[in-house]
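Raw work28.csv, CSV, C-alpha atoms and all ligand atoms:
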chain,number,residue,atom,x,y,z
A,1,MET,CA,0.0,0.0,0.0
A,2,TYR,CA,1.4,3.4,-1.0
A,3,PHE,CA,0.3,6.8,0.2
A,4,ARG,CA,0.9,9.8,-1.9
A,5,ARG,CA,-0.4,13.3,-1.8
A,6,LEU,CA,-2.4,13.6,-4.9
A,7,GLY,CA,-4.0,17.0,-5.4
A,8,SER,CA,-5.6,18.0,-2.1
A,9,ALA,CA,-6.2,14.4,-1.1
A,10,LEU,CA,-3.9,11.9,0.6
A,11,CYS,CA,-4.8,8.8,-1.3
A,12,PRO,CA,-4.0,5.2,-0.4
A,13,LEU,CA,-3.3,3.4,-3.6
A,14,LYS,CA,-3.1,-0.3,-4.3
A,15,THR,CA,-1.5,-1.5,-7.5
A,16,THR,CA,-0.6,-4.8,-9.1
A,17,PRO,CA,2.8,-6.0,-8.0
A,18,VAL,CA,4.2,-6.3,-11.5
A,19,LEU,CA,3.8,-2.6,-12.2
A,20,ARG,CA,4.6,-1.3,-8.8
A,21,SER,CA,8.3,-0.8,-9.1
A,22,ALA,CA,8.2,0.7,-12.6
A,23,LEU,CA,5.5,3.1,-11.6
A,24,LEU,CA,7.2,4.1,-8.4
A,25,SER,CA,10.5,4.8,-10.1
A,26,ASP,CA,8.6,7.2,-12.4
A,27,LEU,CA,6.9,8.8,-9.4
A,28,ASP,CA,10.1,9.9,-7.9
A,29,THR,CA,11.5,11.7,-10.9
A,30,SER,CA,8.2,13.1,-12.0
A,31,PHE,CA,7.5,14.9,-8.7
A,32,HIS,CA,10.5,17.1,-9.4
A,33,ARG,CA,9.5,17.7,-13.0
A,34,SER,CA,6.0,18.7,-12.0
A,35,VAL,CA,7.2,21.8,-10.0
A,36,LYS,CA,7.3,23.8,-13.3
A,37,THR,CA,4.2,25.8,-13.9
A,38,THR,CA,2.2,24.9,-16.9
A,39,ASN,CA,1.7,27.6,-19.5
A,40,MET,CA,-2.1,27.8,-19.8
A,41,SER,CA,-2.1,30.9,-21.9
A,42,GLY,CA,-2.5,30.9,-25.7
A,43,SER,CA,-5.1,28.9,-27.5
A,44,PRO,CA,-5.7,25.6,-25.9
A,45,SER,CA,-6.3,22.4,-27.9
A,46,VAL,CA,-7.9,19.2,-26.7
A,47,LEU,CA,-7.3,15.6,-27.6
A,48,VAL,CA,-9.8,12.9,-26.7
A,49,THR,CA,-8.6,9.3,-26.7
A,50,GLY,CA,-11.4,6.7,-27.2
A,51,GLY,CA,-13.4,9.2,-29.3
A,52,SER,CA,-15.4,6.4,-30.9
A,53,GLY,CA,-16.5,4.8,-27.6
A,54,LEU,CA,-19.7,5.2,-25.6
A,55,LEU,CA,-18.3,8.1,-23.5
A,56,GLY,CA,-15.9,9.3,-26.2
A,57,ARG,CA,-18.6,10.2,-28.6
A,58,ALA,CA,-20.4,12.3,-26.0
A,59,LEU,CA,-17.1,13.9,-25.1
A,60,MET,CA,-16.4,14.8,-28.7
A,61,THR,CA,-19.8,16.4,-29.2
A,62,THR,CA,-19.8,18.4,-26.0
A,63,ILE,CA,-16.2,19.6,-26.1
A,64,GLU,CA,-16.4,20.5,-29.8
A,65,SER,CA,-19.7,22.3,-29.5
A,66,SER,CA,-18.5,24.4,-26.5
A,67,GLY,CA,-16.5,26.5,-28.9
A,68,LYS,CA,-13.9,27.1,-26.2
A,69,TRP,CA,-10.9,25.3,-27.8
A,70,SER,CA,-8.8,26.1,-30.8
A,71,SER,CA,-9.0,22.5,-31.9
A,72,VAL,CA,-10.6,19.2,-30.7
A,73,THR,CA,-9.2,16.0,-32.0
A,74,GLY,CA,-10.5,12.5,-31.3
A,75,THR,CA,-8.6,9.2,-31.6
A,76,ALA,CA,-10.1,5.8,-32.3
A,77,PHE,CA,-8.8,2.3,-33.0
A,78,SER,CA,-11.2,0.1,-35.0
A,79,ARG,CA,-13.9,2.7,-35.5
A,80,ASN,CA,-12.0,5.6,-36.8
A,81,GLY,CA,-14.3,7.6,-39.0
A,82,ALA,CA,-14.3,10.9,-40.8
A,83,ASN,CA,-13.3,13.1,-37.9
A,84,LEU,CA,-11.3,10.6,-35.7
A,85,VAL,CA,-7.6,9.9,-36.1
A,86,LYS,CA,-6.6,6.2,-36.0
A,87,LEU,CA,-4.1,5.7,-33.1
A,88,ASP,CA,-3.3,2.3,-31.6
A,89,LEU,CA,-2.5,3.1,-28.0
A,90,THR,CA,-0.8,-0.2,-27.5
A,91,ASP,CA,1.9,1.0,-30.0
A,92,LEU,CA,3.7,2.8,-27.3
A,93,ASP,CA,6.4,4.4,-29.6
A,94,GLY,CA,3.6,5.5,-32.0
A,95,VAL,CA,1.7,7.2,-29.0
A,96,LYS,CA,4.8,9.0,-27.9
A,97,LYS,CA,5.5,10.3,-31.4
A,98,PHE,CA,1.9,11.3,-32.0
A,99,ILE,CA,1.8,13.4,-28.8
A,100,GLU,CA,5.2,14.9,-29.4
A,101,GLU,CA,4.1,16.0,-32.8
A,102,THR,CA,0.6,17.3,-31.9
A,103,LYS,CA,1.3,18.7,-28.4
A,104,PRO,CA,-2.4,19.0,-27.3
A,105,THR,CA,-2.8,21.4,-24.3
A,106,PHE,CA,-5.2,18.9,-22.7
A,107,VAL,CA,-5.8,15.2,-23.2
A,108,VAL,CA,-9.0,13.5,-22.0
A,109,HIS,CA,-7.9,9.9,-21.9
A,110,ALA,CA,-11.0,7.8,-22.2
A,111,ALA,CA,-9.8,4.8,-24.2
A,112,ALA,CA,-9.6,1.6,-22.2
A,113,GLN,CA,-10.6,-2.0,-22.1
A,114,ARG,CA,-13.5,-1.5,-19.8
A,115,PHE,CA,-15.2,-4.9,-19.8
A,116,PRO,CA,-14.0,-6.7,-16.6
A,117,ASP,CA,-14.5,-10.1,-18.1
A,118,LYS,CA,-12.4,-9.2,-21.2
A,119,VAL,CA,-9.7,-7.9,-18.9
A,120,ASP,CA,-9.6,-11.3,-17.2
A,121,LYS,CA,-9.4,-13.1,-20.5
A,122,ASP,CA,-6.5,-11.1,-21.9
A,123,LEU,CA,-4.6,-9.5,-19.0
A,124,GLU,CA,-1.5,-8.7,-21.1
A,125,ALA,CA,-3.4,-6.7,-23.7
A,126,ALA,CA,-5.5,-5.0,-21.1
A,127,THR,CA,-2.5,-4.0,-19.0
A,128,LYS,CA,-0.8,-2.6,-22.1
A,129,LEU,CA,-3.9,-0.5,-23.0
A,130,ASN,CA,-5.1,0.5,-19.5
A,131,VAL,CA,-1.8,1.1,-17.8
A,132,GLU,CA,1.3,1.2,-20.0
A,133,ALA,CA,-0.3,3.4,-22.7
A,134,THR,CA,-1.6,5.7,-19.9
A,135,GLN,CA,1.9,6.0,-18.5
A,136,VAL,CA,3.4,6.7,-21.9
A,137,LEU,CA,0.7,9.3,-22.7
A,138,ALA,CA,1.2,11.0,-19.4
A,139,LYS,CA,5.0,11.2,-19.8
A,140,ALA,CA,4.7,12.5,-23.4
A,141,ILE,CA,2.2,15.1,-22.4
A,142,ASN,CA,4.2,16.2,-19.3
A,143,SER,CA,7.3,16.7,-21.5
A,144,TYR,CA,5.9,19.9,-22.9
A,145,GLY,CA,3.7,21.0,-20.0
A,146,GLY,CA,0.3,19.6,-21.3
A,147,LYS,CA,-2.2,18.2,-18.8
A,148,MET,CA,-4.3,15.0,-18.8
A,149,ILE,CA,-7.8,14.1,-17.5
A,150,TYR,CA,-7.7,10.3,-17.0
A,151,ILE,CA,-11.2,8.7,-17.0
A,152,SER,CA,-11.3,6.2,-14.2
A,153,THR,CA,-14.0,4.1,-12.5
A,154,ASP,CA,-15.9,3.5,-9.3
A,155,TYR,CA,-14.5,0.0,-9.5
A,156,VAL,CA,-11.3,1.2,-7.7
A,157,PHE,CA,-13.4,0.7,-4.5
A,158,ASP,CA,-14.4,-2.6,-3.0
A,159,GLY,CA,-18.0,-1.5,-2.4
A,160,LYS,CA,-18.1,-2.3,1.3
A,161,ALA,CA,-18.1,1.2,2.7
A,162,ALA,CA,-19.9,3.6,0.4
A,163,PRO,CA,-20.2,6.5,0.0
A,164,TYR,CA,-16.5,6.9,-1.0
A,165,LYS,CA,-14.6,10.2,-0.7
A,166,VAL,CA,-11.7,10.8,-3.1
A,167,SER,CA,-9.3,10.2,-0.2
A,168,ASP,CA,-10.9,6.9,0.9
A,169,GLN,CA,-8.9,3.7,0.6
A,170,THR,CA,-9.1,2.0,-2.8
A,171,ASN,CA,-9.3,-1.7,-2.9
A,172,PRO,CA,-10.5,-3.1,-6.2
A,173,VAL,CA,-12.1,-6.5,-6.2
A,174,ASN,CA,-11.3,-7.4,-9.8
A,175,ILE,CA,-8.4,-7.0,-12.2
A,176,TYR,CA,-10.2,-4.3,-14.3
A,177,GLY,CA,-10.4,-2.1,-11.2
A,178,LYS,CA,-6.8,-2.8,-10.3
A,179,LEU,CA,-5.6,-1.8,-13.8
A,180,LYS,CA,-7.7,1.4,-13.8
A,181,LEU,CA,-6.2,2.2,-10.4
A,182,ASP,CA,-2.7,1.6,-11.8
A,183,GLY,CA,-3.7,4.0,-14.6
A,184,GLU,CA,-4.6,6.6,-11.9
A,185,LEU,CA,-1.3,6.1,-10.3
A,186,ALA,CA,0.6,6.5,-13.6
A,187,THR,CA,-1.4,9.6,-14.4
A,188,LEU,CA,-0.8,11.4,-11.1
A,189,GLY,CA,2.6,9.8,-10.6
A,190,VAL,CA,4.0,11.3,-13.8
A,191,ASP,CA,2.4,14.7,-13.0
A,192,PRO,CA,0.3,15.4,-9.9
A,193,GLU,CA,-1.2,18.4,-11.7
A,194,ASN,CA,-3.1,16.0,-13.9
A,195,LEU,CA,-6.7,15.1,-13.1
A,196,VAL,CA,-8.4,11.8,-12.5
A,197,LEU,CA,-12.2,11.6,-12.9
A,198,ARG,CA,-13.8,8.5,-11.4
A,199,ILE,CA,-17.2,7.7,-12.9
A,200,PRO,CA,-19.9,5.1,-12.4
A,201,VAL,CA,-21.6,2.7,-14.9
A,202,LEU,CA,-22.6,4.6,-18.0
A,203,TYR,CA,-25.5,4.7,-20.4
A,204,GLY,CA,-26.2,6.8,-23.4
A,205,PRO,CA,-26.9,6.6,-27.2
A,206,VAL,CA,-25.6,3.1,-27.9
A,207,GLU,CA,-24.6,1.6,-31.2
A,208,TYR,CA,-25.8,-1.8,-29.9
A,209,LEU,CA,-27.6,-2.6,-26.7
A,210,GLU,CA,-24.7,-4.6,-25.2
A,211,GLU,CA,-22.5,-1.4,-25.5
A,212,SER,CA,-23.7,-0.4,-22.0
A,213,ALA,CA,-24.2,-2.5,-18.9
A,214,VAL,CA,-27.4,-0.5,-18.5
A,215,THR,CA,-29.0,-0.7,-21.9
A,216,VAL,CA,-28.2,-4.4,-22.3
A,217,LEU,CA,-30.9,-4.9,-19.6
A,218,PHE,CA,-33.5,-3.7,-22.1
A,219,LYS,CA,-33.1,-6.9,-24.0
A,220,LEU,CA,-35.0,-8.6,-21.1
A,221,LEU,CA,-37.9,-6.3,-21.8
A,222,LEU,CA,-37.8,-6.8,-25.5
A,223,SER,CA,-38.0,-10.6,-25.4
A,224,PRO,CA,-39.1,-11.7,-21.9
A,225,THR,CA,-39.3,-15.3,-20.9
A,226,ASP,CA,-40.8,-16.6,-17.6
A,227,GLN,CA,-37.3,-17.5,-16.4
A,228,ASP,CA,-35.7,-14.0,-16.4
A,229,VAL,CA,-33.9,-13.2,-13.2
A,230,VAL,CA,-31.9,-10.0,-12.7
A,231,SER,CA,-29.7,-8.9,-9.8
A,232,ASP,CA,-31.4,-6.9,-7.1
A,233,TYR,CA,-28.2,-6.8,-5.0
A,234,GLU,CA,-25.3,-4.5,-6.2
A,235,ILE,CA,-26.1,-0.8,-6.0
A,236,ARG,CA,-25.0,1.5,-8.8
A,237,ARG,CA,-25.4,5.2,-9.6
A,238,PRO,CA,-25.8,5.2,-13.4
A,239,SER,CA,-24.8,8.3,-15.3
A,240,HIS,CA,-25.8,9.5,-18.7
A,241,VAL,CA,-22.7,10.0,-20.9
A,242,ASP,CA,-23.9,13.6,-21.5
A,243,ASP,CA,-23.6,14.3,-17.8
A,244,ILE,CA,-20.1,13.0,-17.7
A,245,ALA,CA,-19.2,15.0,-20.9
A,246,PHE,CA,-20.6,18.1,-19.2
A,247,VAL,CA,-18.5,17.5,-16.1
A,248,VAL,CA,-15.3,16.9,-18.2
A,249,GLN,CA,-15.9,20.1,-20.3
A,250,LYS,CA,-16.3,22.2,-17.1
A,251,LEU,CA,-13.2,20.6,-15.5
A,252,LEU,CA,-11.2,21.5,-18.7
A,253,GLU,CA,-12.5,25.1,-18.4
A,254,GLU,CA,-11.6,25.3,-14.7
A,255,LYS,CA,-8.2,23.7,-15.3
A,256,HIS,CA,-7.5,26.2,-18.1
A,257,LYS,CA,-8.6,29.1,-15.9
A,258,ARG,CA,-7.1,28.1,-12.6
A,259,GLY,CA,-4.1,25.9,-13.5
A,260,ILE,CA,-2.6,24.0,-10.5
A,261,GLU,CA,-5.5,24.8,-8.2
A,262,ILE,CA,-7.4,22.1,-10.2
A,263,GLN,CA,-5.6,18.8,-9.9
A,264,GLY,CA,-5.9,15.3,-8.4
A,265,ILE,CA,-8.9,13.1,-8.1
A,266,TYR,CA,-12.5,14.1,-8.8
A,267,GLN,CA,-15.6,11.9,-8.7
A,268,TRP,CA,-19.0,12.0,-10.3
A,269,CYS,CA,-21.9,9.6,-10.1
A,270,GLY,CA,-25.7,9.7,-10.7
A,271,LEU,CA,-28.0,10.7,-7.8
A,272,GLU,CA,-30.2,7.6,-7.9
A,273,ALA,CA,-29.1,4.4,-6.2
A,274,LEU,CA,-30.4,1.5,-8.3
A,275,THR,CA,-29.9,-2.2,-8.6
A,276,LYS,CA,-30.1,-3.8,-12.1
A,277,PHE,CA,-33.7,-4.9,-11.1
A,278,GLY,CA,-34.5,-1.3,-10.2
A,279,MET,CA,-33.2,-0.1,-13.5
A,280,VAL,CA,-35.3,-2.6,-15.4
A,281,GLN,CA,-38.4,-1.5,-13.6
A,282,ILE,CA,-37.8,2.1,-14.5
A,283,MET,CA,-37.1,1.2,-18.1
A,284,ALA,CA,-40.4,-0.8,-18.2
A,285,ARG,CA,-42.3,2.1,-16.7
A,286,ALA,CA,-40.7,4.7,-19.1
A,287,LEU,CA,-41.3,2.5,-22.2
A,288,LYS,CA,-44.6,0.9,-21.2
A,289,LYS,CA,-43.2,-2.6,-21.2
A,290,ASP,CA,-44.5,-5.5,-19.1
A,291,VAL,CA,-42.0,-6.3,-16.3
A,292,LYS,CA,-44.1,-8.8,-14.4
A,293,THR,CA,-42.3,-11.9,-15.5
A,294,ILE,CA,-38.9,-10.6,-14.6
A,295,LYS,CA,-37.7,-11.5,-11.0
A,296,GLY,CA,-35.2,-9.7,-8.9
A,297,ASN,CA,-32.6,-11.7,-7.0
A,298,ALA,CA,-31.5,-10.0,-3.8
A,299,GLU,CA,-28.9,-12.6,-2.9
A,300,LYS,CA,-25.2,-11.9,-3.0
A,301,PRO,CA,-23.8,-13.5,-6.2
A,302,PRO,CA,-21.5,-16.5,-5.8
A,303,GLU,CA,-17.8,-15.8,-5.4
A,304,THR,CA,-16.9,-17.4,-8.7
A,305,GLY,CA,-16.0,-15.6,-11.9
A,306,THR,CA,-15.2,-11.8,-12.1
A,307,GLN,CA,-16.2,-10.2,-8.8
A,308,ARG,CA,-18.1,-6.9,-8.7
A,309,PRO,CA,-18.2,-4.4,-5.8
A,310,TYR,CA,-21.4,-4.1,-3.8
A,311,ASP,CA,-22.1,-0.4,-3.5
A,312,THR,CA,-19.8,2.1,-5.3
A,313,THR,CA,-21.6,5.3,-4.5
A,314,MET,CA,-19.0,8.1,-4.6
A,315,ASP,CA,-18.9,11.4,-2.8
A,316,THR,CA,-19.0,14.2,-5.5
A,317,SER,CA,-18.4,17.2,-3.2
A,318,ARG,CA,-15.0,18.1,-4.8
A,319,LEU,CA,-16.8,18.8,-8.1
A,320,GLN,CA,-19.8,20.5,-6.4
A,321,GLU,CA,-17.5,22.9,-4.6
A,322,LEU,CA,-16.4,24.0,-8.1
A,323,GLY,CA,-20.1,24.5,-9.0
A,324,ILE,CA,-19.8,21.5,-11.3
A,325,GLU,CA,-22.7,19.0,-11.3
A,326,HIS,CA,-25.1,17.5,-13.9
A,327,HIS,CA,-27.6,14.7,-13.4
A,328,THR,CA,-30.1,13.5,-15.9
A,329,PRO,CA,-33.0,11.7,-14.1
A,330,PHE,CA,-32.6,8.0,-15.0
A,331,GLU,CA,-36.1,7.6,-16.2
A,332,VAL,CA,-35.8,10.6,-18.6
A,333,GLY,CA,-32.3,9.6,-19.8
A,334,VAL,CA,-33.0,6.0,-20.3
A,335,ALA,CA,-36.3,6.6,-22.1
A,336,SER,CA,-34.6,8.9,-24.6
A,337,VAL,CA,-31.8,6.4,-25.2
A,338,LEU,CA,-34.0,3.3,-25.6
A,339,GLU,CA,-36.9,4.9,-27.6
A,340,LYS,CA,-35.3,3.9,-30.9
A,341,TRP,CA,-34.7,0.3,-29.8
A,342,ASN,CA,-38.3,0.1,-28.6
A,343,GLN,CA,-39.6,1.3,-32.0
A,344,LYS,CA,-37.3,-1.1,-33.8
A,345,SER,CA,-38.9,-4.0,-31.9
A,346,ASN,CA,-42.5,-2.9,-32.7
B,401,LIG,N1,-18.8,2.2,-19.8
B,401,LIG,C1,-18.9,2.3,-18.4
B,401,LIG,O1,-19.9,1.9,-17.8
B,401,LIG,C2,-17.8,2.9,-17.6
B,401,LIG,C3,-17.9,2.9,-16.2
B,401,LIG,C4,-16.9,3.5,-15.5
B,401,LIG,C5,-15.7,4.0,-16.1
B,401,LIG,N2,-15.6,3.8,-17.5
B,401,LIG,C6,-14.4,4.3,-18.1
B,401,LIG,O2,-14.8,5.3,-19.1
B,401,LIG,C7,-13.9,5.3,-20.2
B,401,LIG,C8,-14.7,5.2,-21.5
B,401,LIG,O3,-15.4,4.0,-21.4
B,401,LIG,P1,-16.4,3.6,-22.6
B,401,LIG,O4,-17.6,2.9,-22.0
B,401,LIG,O5,-16.6,4.8,-23.5
B,401,LIG,O6,-15.5,2.6,-23.4
B,401,LIG,P2,-15.8,1.9,-24.8
B,401,LIG,O7,-17.2,2.3,-25.3
B,401,LIG,O8,-15.5,0.4,-24.7
B,401,LIG,O9,-14.8,2.6,-25.8
B,401,LIG,C9,-13.4,2.2,-25.7
B,401,LIG,C10,-12.6,3.1,-26.5
B,401,LIG,O10,-11.2,2.7,-26.5
B,401,LIG,C11,-10.7,2.6,-27.8
B,401,LIG,N3,-9.7,1.6,-27.9
B,401,LIG,C12,-9.8,0.3,-27.6
B,401,LIG,N4,-8.6,-0.3,-27.9
B,401,LIG,C13,-7.8,0.7,-28.3
B,401,LIG,C14,-6.4,0.7,-28.7
B,401,LIG,N5,-5.6,-0.4,-28.8
B,401,LIG,N6,-5.9,1.9,-29.1
B,401,LIG,C15,-6.6,3.0,-29.1
B,401,LIG,N7,-7.9,3.0,-28.7
B,401,LIG,C16,-8.5,1.9,-28.3
B,401,LIG,C17,-12.0,2.2,-28.6
B,401,LIG,O11,-11.7,2.5,-30.0
B,401,LIG,P3,-12.5,1.7,-31.2
B,401,LIG,O12,-13.8,1.4,-30.7
B,401,LIG,O13,-12.4,2.6,-32.3
B,401,LIG,O14,-11.7,0.4,-31.4
B,401,LIG,C18,-13.0,3.1,-28.0
B,401,LIG,O15,-13.0,4.4,-28.6
B,401,LIG,C19,-12.9,4.1,-19.9
B,401,LIG,O16,-11.7,4.6,-19.5
B,401,LIG,C20,-13.6,3.3,-18.9
B,401,LIG,O17,-12.7,2.6,-18.1
B,401,LIG,C21,-16.6,3.3,-18.3

For this file, produce the structure as C-alpha cells.
Amino acid sequence: MYFRRLGSALCPLKTTPVLRSALLSDLDTSFHRSVKTTNMSGSPSVLVTGGSGLLGRALMTTIESSGKWSSVTGTAFSRNGANLVKLDLTDLDGVKKFIEETKPTFVVHAAAQRFPDKVDKDLEAATKLNVEATQVLAKAINSYGGKMIYISTDYVFDGKAAPYKVSDQTNPVNIYGKLKLDGELATLGVDPENLVLRIPVLYGPVEYLEESAVTVLFKLLLSPTDQDVVSDYEIRRPSHVDDIAFVVQKLLEEKHKRGIEIQGIYQWCGLEALTKFGMVQIMARALKKDVKTIKGNAEKPPETGTQRPYDTTMDTSRLQELGIEHHTPFEVGVASVLEKWNQKSN
C-alpha cells in the first residue's frame, strides 16, 4: 500500500505487484518535474482518446460544441471515422510520437478495455492499453507541459463502505479495477497536476444494446421469458454520458482558468441508487413494457468468476465545490436512449 499526496487528497493506492516498481521509479522523478508551472495561456487544444467509444462520442460532441478550444481531435482504434484519427494506443512508440508532434494542451484519456470479463481473459493486452499506454501518454504530455484528465472508475473501490470520498482507501475487487487504479497512479505519478475523474456505470446513445451494462438490460424487456432473473443486489449510480461529458468540459475550463488549483482526483456519479432490477423496472415504466415476468434476485452473487463491488456510491463534493454537477434523471435519460430500440422492436 502506498500513500501519496495527490492534489488535495492523501490517497491510499493499491497497485498490481508487476507494475509497482516501474510506476514508483517514475513517481520519484516526475515529482521534481511537476514543479514547473504549466503555461495555460495561448489557444488551448484538446485531444480525446477513445473518441469512438460510448463516452468518447459524447465527449467529442460536448467539447467540440463548447467553442472554447482552438481544436478538438479524437482518436479511435477500430472505429476511426471521418473526424477521428486512428491511433493504436498499444503501439507505445507511436503514441509518444503522436503526442510529441501534436502537443495538445489537454488530453482527455477515455480509451480503455473496460469490460472486466475481457480484462480477465487477456490480461496482457488490457495491461498494455489501460496502464502502459496511460503512462506513456502521461509522460509524453508532461514533457511539454500539457495536462491530462484520466477517466477512471468507481470499481477502484471494494463496495463495502460507500459513500466513498476521493481520499478513501481504494481496494479493487477485480483486475479491471486494479488496472484502472494503476492508470490513476501512472497519471498522477507522472504529473500530480493531472486530473483523474472517477465515474460510475454509463448509459447513453448506444450503437448496440450490449455497449452499455445498463442498456443491455432492455433486452430482457424486448423478449421476456418466464425465467428471467436479474440482480437486485449490487447498488449502482448510473450516469448518462452527456452528464459526464458536461463535467469533463467544465473541468477542462476550470483547469484552463485556474491551473494548478485544479488537480488530483474528482468523482462524479448519478443521484439515484439503483440495482439492475430497479433499472429494469424504471425502463419498463418509461417505455410501457411488461415487467411482471422478470424477477429480482437480492442474494449476494456466488464468489466465482469476475467479482463486482457491492455499492460504489461516490462522494461528489469536490466537483460540487467548483459548481460542477449534472444529473439526468434516470427515467428521462434511459427513455430517450431506448426509444429507438423500442420502436425497432415494434
Ligand atoms: N462504460 C462504463 O460503464 C464505464 C464505467 C466507468 C468507467 N468507465 C471508463 O470510461 C472510459 C470510457 O469507457 P467507454 O464505455 O466509452 O468505453 P468503450 O465504449 O468500450 O470505448 C473504448 C474506446 O477505447 C478505444 N480503444 C480500444 N482499444 C484501443 C487501442 N488499442 N488503441 C486505441 N484506442 C483503443 C476504442 O476504440 P475503437 O472502438 O475505435 O476500437 C473506443 O474508442 C474508460 O476509461 C472506462 O474505463 C466506463

Surrounding residues as a count of residues only, ligand LIG 401 (chain B), max 7 Å, only C-alpha atoms and all ligand atoms | 39

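In this structure, atom CA of Ala186 of chain A sits 18.7 Å away from atom CA of Asn174 of chain A.
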
**Item:** Selection as a PyMOL selection string: residues within 10 Å of (3.3, 12.1, -19.7), counting all atoms listed in the file
**Value:** chain A and resi 30+96+99+133-148+186-191+194

Using all atoms listed in the file, the shortest atom-to-atom distance to Ser45 of chain A among A:Ala162, A:Val72, A:Cys269, A:Ile294 belongs to A:Val72

query = Near Glu272 of chain A, within 9 Å and counting all atoms listed in the file, which residues show up once chain neighbours fewer than 6 positions away are dropped, as a list in words?
reply =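 Skipping anything fewer than 6 positions along the chain leaves Arg236, Arg237, Pro238, Pro329 and Phe330 of chain A.
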
What separates atom CA of Phe218 of chain A and atom CA of Lys121 of chain A is a distance of 25.9 Å

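The residue that comes closest to Asp158 of chain A, out of A:Asn171, A:Ser70, A:Ser223, A:Gln320 and on the basis of all atoms listed in the file, is A:Asn171.
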
Please report the interatomic distance between atom CA of Thr102 of chain A and atom CA of Asp243 of chain A in Å with one decimal.
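It comes out at 28.2 Å.
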
Q. So which residues are close to (-28.2, 8.5, -21.5), meaning at most 9 Å away in the file's coordinates with only C-alpha atoms counted, and can you show them as a list in words?
A.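 Here the neighbourhood of the point contains Leu202, Tyr203, Gly204, Pro205, Val206, Ser239, His240, Val241, Asp242, Asp243, Thr328, Phe330, Val332, Gly333, Val334, Ala335, Ser336, Val337 and Leu338 of chain A.
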
Q: Have a look at A:Val131, A:Leu47, A:Val108, A:Leu220 and name the one nearest to Ile244 of chain A; count all atoms listed in the file.
A: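 Checking each of A:Val131, A:Leu47, A:Val108, A:Leu220 against Ile244 of chain A, counting all atoms listed in the file, the winner is A:Val108.
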
Polymer residues at most 12 Å from Glu321 of chain A, only C-alpha atoms, same-chain spacing of 2 or more positions, as a PyMOL selection string: chain A and resi 251+254+262+266-267+315-319+323-325
